[in-house]
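Engineer: Following this message is one structure expressed as structure tokens.
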Amino acid sequence: MLWQALMVSFIVSVALAWCHANTASQHLHGLLGTAERWISGPHIADPSTEDESARGAEGIELLVPIGLTTLWPASWFVTVSLSARRRRRRHARLLDLAGRPVPELGVMVLDHDTPAAYCLPGRPGRVVVTSAALRSLTPAQLQAVLAHERAHLTGRHHLVSATGEAFARAFRVLPLARTAREHMADLLEMVCDDHALRSASARTLAEAMCEVAAGGSPQSTFAAGGTAVLARLRRLLRPSAPLSRAARWAIVLLGAGAAALPYFITCGPVLG
């Protein structure tokens, strides 16, 4: 949540900087009010007056940079999502040809000598394991792996991943973009580890991760081995103290307020 809040905060900052460059004569604290007047202007304002015409022109000057700044990463999100969907559909067709369903486990099995497990988002989402994984994993380890993969599907993590990828492509030279994409991928795996721990022990999940870590996964899928395996193993086997309720609420409030923070900082001198 915090990484996504930082991305939104950056986009808001760019939009405000563009607005400031286009309307340097006025302070940005009038941004929201002017935009609101421009949106509601056609049935409230009198277009015959120069004052209202100036307000409409100012509203356009303010909303155009905001729209363009938002449209750029949004267009990349659509591009990334559509490309990933095409890859997943192509992979699903291959699974239908090469795999065999196992209804009692709710998985698709591929005959392969390397232990591996991954999920394929979509409608319907699929969990895929290799025949080697079925042979090498104990029943408890297999259930832990399946719980991890199903958490990716139920959490719709492919959409979260697409936001990080789209932001990284939209702002390639920005260190925040590259770092956010990498860390969000690792954190998504940790989120699914926590879901798996509801029905399995940390040792069981760690052992299962080690078994399938070398298997890898196709593009646009999530693997149980996943990224940052060593960091995840340390987190499982040497867990730190959980955050207090106050700390959790502070993080939530920080994330929720990050997008609005640039606006209030910009308006600080007027508000003061």
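Chain identifiers are assigned as A, B, and so on, following the order in which chains appear in the structure tokens; residues are numbered from 1 within each chain, and ligands are numbered from 1 in order of appearance.
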Excluding His183 of chain A and its own-chain neighbours fewer than 5 positions away, which residues fall within 12 Å of it when counting only C-alpha atoms? Please give them as an NGL selection string.

Structural biologist: :A and (1-4 or 160-161 or 164-165 or 176-178 or 188-190 or 227-228 or 231)

Engineer: Would you write out those residues with N, CA, C and O atoms, as a compact mmCIF listing (two decimals), in the first residue's frame?

Structural biologist:
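The resulting file, result37.txt, is shown below:
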# COMPACT_ATOMS: atom_id res chain seq x y z
N MET A 1 0.83 -1.19 0.00
CA MET A 1 0.00 0.00 0.00
C MET A 1 0.87 1.26 0.00
O MET A 1 0.59 2.23 -0.70
N LEU A 2 1.95 1.22 0.77
CA LEU A 2 2.81 2.40 0.85
C LEU A 2 3.54 2.65 -0.47
O LEU A 2 3.71 3.81 -0.88
N TRP A 3 3.98 1.58 -1.12
CA TRP A 3 4.64 1.78 -2.41
C TRP A 3 3.66 2.37 -3.42
O TRP A 3 4.02 3.28 -4.20
N GLN A 4 2.43 1.89 -3.44
CA GLN A 4 1.44 2.45 -4.36
C GLN A 4 1.10 3.89 -3.99
O GLN A 4 0.88 4.73 -4.87
N VAL A 160 -2.29 -5.80 -9.05
CA VAL A 160 -1.31 -5.03 -8.26
C VAL A 160 0.04 -5.03 -8.96
O VAL A 160 0.73 -4.01 -9.05
N SER A 161 0.43 -6.20 -9.45
CA SER A 161 1.69 -6.30 -10.18
C SER A 161 1.69 -5.43 -11.42
O SER A 161 2.71 -4.82 -11.78
N GLY A 164 2.60 -1.77 -10.69
CA GLY A 164 4.03 -1.54 -10.54
C GLY A 164 4.76 -1.58 -11.86
O GLY A 164 5.65 -0.74 -12.13
N GLU A 165 4.40 -2.52 -12.72
CA GLU A 165 5.04 -2.62 -14.04
C GLU A 165 4.71 -1.41 -14.89
O GLU A 165 5.57 -0.88 -15.60
N LEU A 176 12.43 5.49 -8.07
CA LEU A 176 11.25 5.02 -7.35
C LEU A 176 10.50 3.97 -8.15
O LEU A 176 10.01 2.99 -7.59
N ALA A 177 10.41 4.15 -9.47
CA ALA A 177 9.65 3.22 -10.30
C ALA A 177 10.28 1.83 -10.28
O ALA A 177 9.59 0.83 -10.12
N ARG A 178 11.60 1.77 -10.47
CA ARG A 178 12.27 0.47 -10.47
C ARG A 178 12.21 -0.19 -9.10
O ARG A 178 11.94 -1.39 -8.98
N LEU A 188 4.24 -9.07 -2.35
CA LEU A 188 3.10 -9.90 -2.72
C LEU A 188 3.35 -11.36 -2.35
O LEU A 188 2.44 -12.07 -1.90
N GLU A 189 4.59 -11.82 -2.55
CA GLU A 189 4.92 -13.19 -2.15
C GLU A 189 4.80 -13.36 -0.64
O GLU A 189 4.33 -14.40 -0.16
N MET A 190 5.22 -12.36 0.11
CA MET A 190 5.14 -12.46 1.57
C MET A 190 3.69 -12.44 2.04
O MET A 190 3.35 -13.11 3.02
N THR A 227 10.23 -14.74 -5.96
CA THR A 227 11.42 -13.91 -5.84
C THR A 227 11.80 -13.76 -4.38
O THR A 227 11.01 -14.00 -3.47
N ALA A 228 13.06 -13.36 -4.15
CA ALA A 228 13.57 -13.09 -2.80
C ALA A 228 13.32 -14.26 -1.85
O ALA A 228 12.83 -14.08 -0.74
N ALA A 231 15.12 -14.01 1.62
CA ALA A 231 14.47 -13.06 2.53
C ALA A 231 13.18 -13.64 3.10
O ALA A 231 12.86 -13.46 4.28

Engineer: If we count only C-alpha atoms and set the cut-off at 7 Å, which residues sit around Ala162 of chain A, ignoring sequence neighbours fewer than 6 positions away in its own chain? Please answer as a PyMOL selection string.

Structural biologist: chain A and resi 77+80-81

Engineer: Find the residues around Leu120 of chain A up to 8 Å (only C-alpha atoms counted), leave out those fewer than 4 positions away in its own chain, and share them as JSON, numbers by chain.

Structural biologist: {"A": [88, 92, 125, 126, 127, 128, 153, 220, 221, 222]}

Engineer: Check the smallest atom-to-atom distance from each of A:Ala17, A:Leu237, A:Met108, A:Ala185 to Glu207 of chain A using only C-alpha atoms, then report the winner.

Structural biologist: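 Checking each candidate against Glu207 of chain A, we get A:Leu237 as the closest.
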
Engineer: Could you please determine the separation between atom CA of Arg234 of chain A and atom CA of Ala247 of chain A in Å, to one decimal place?

Structural biologist: 22.5 Å

Engineer: For a test of reading the model, state the distance in Å between atom CA of Ala180 of chain A and atom CA of Gly122 of chain A, rounded to one decimal.

Structural biologist: 23.9 Å
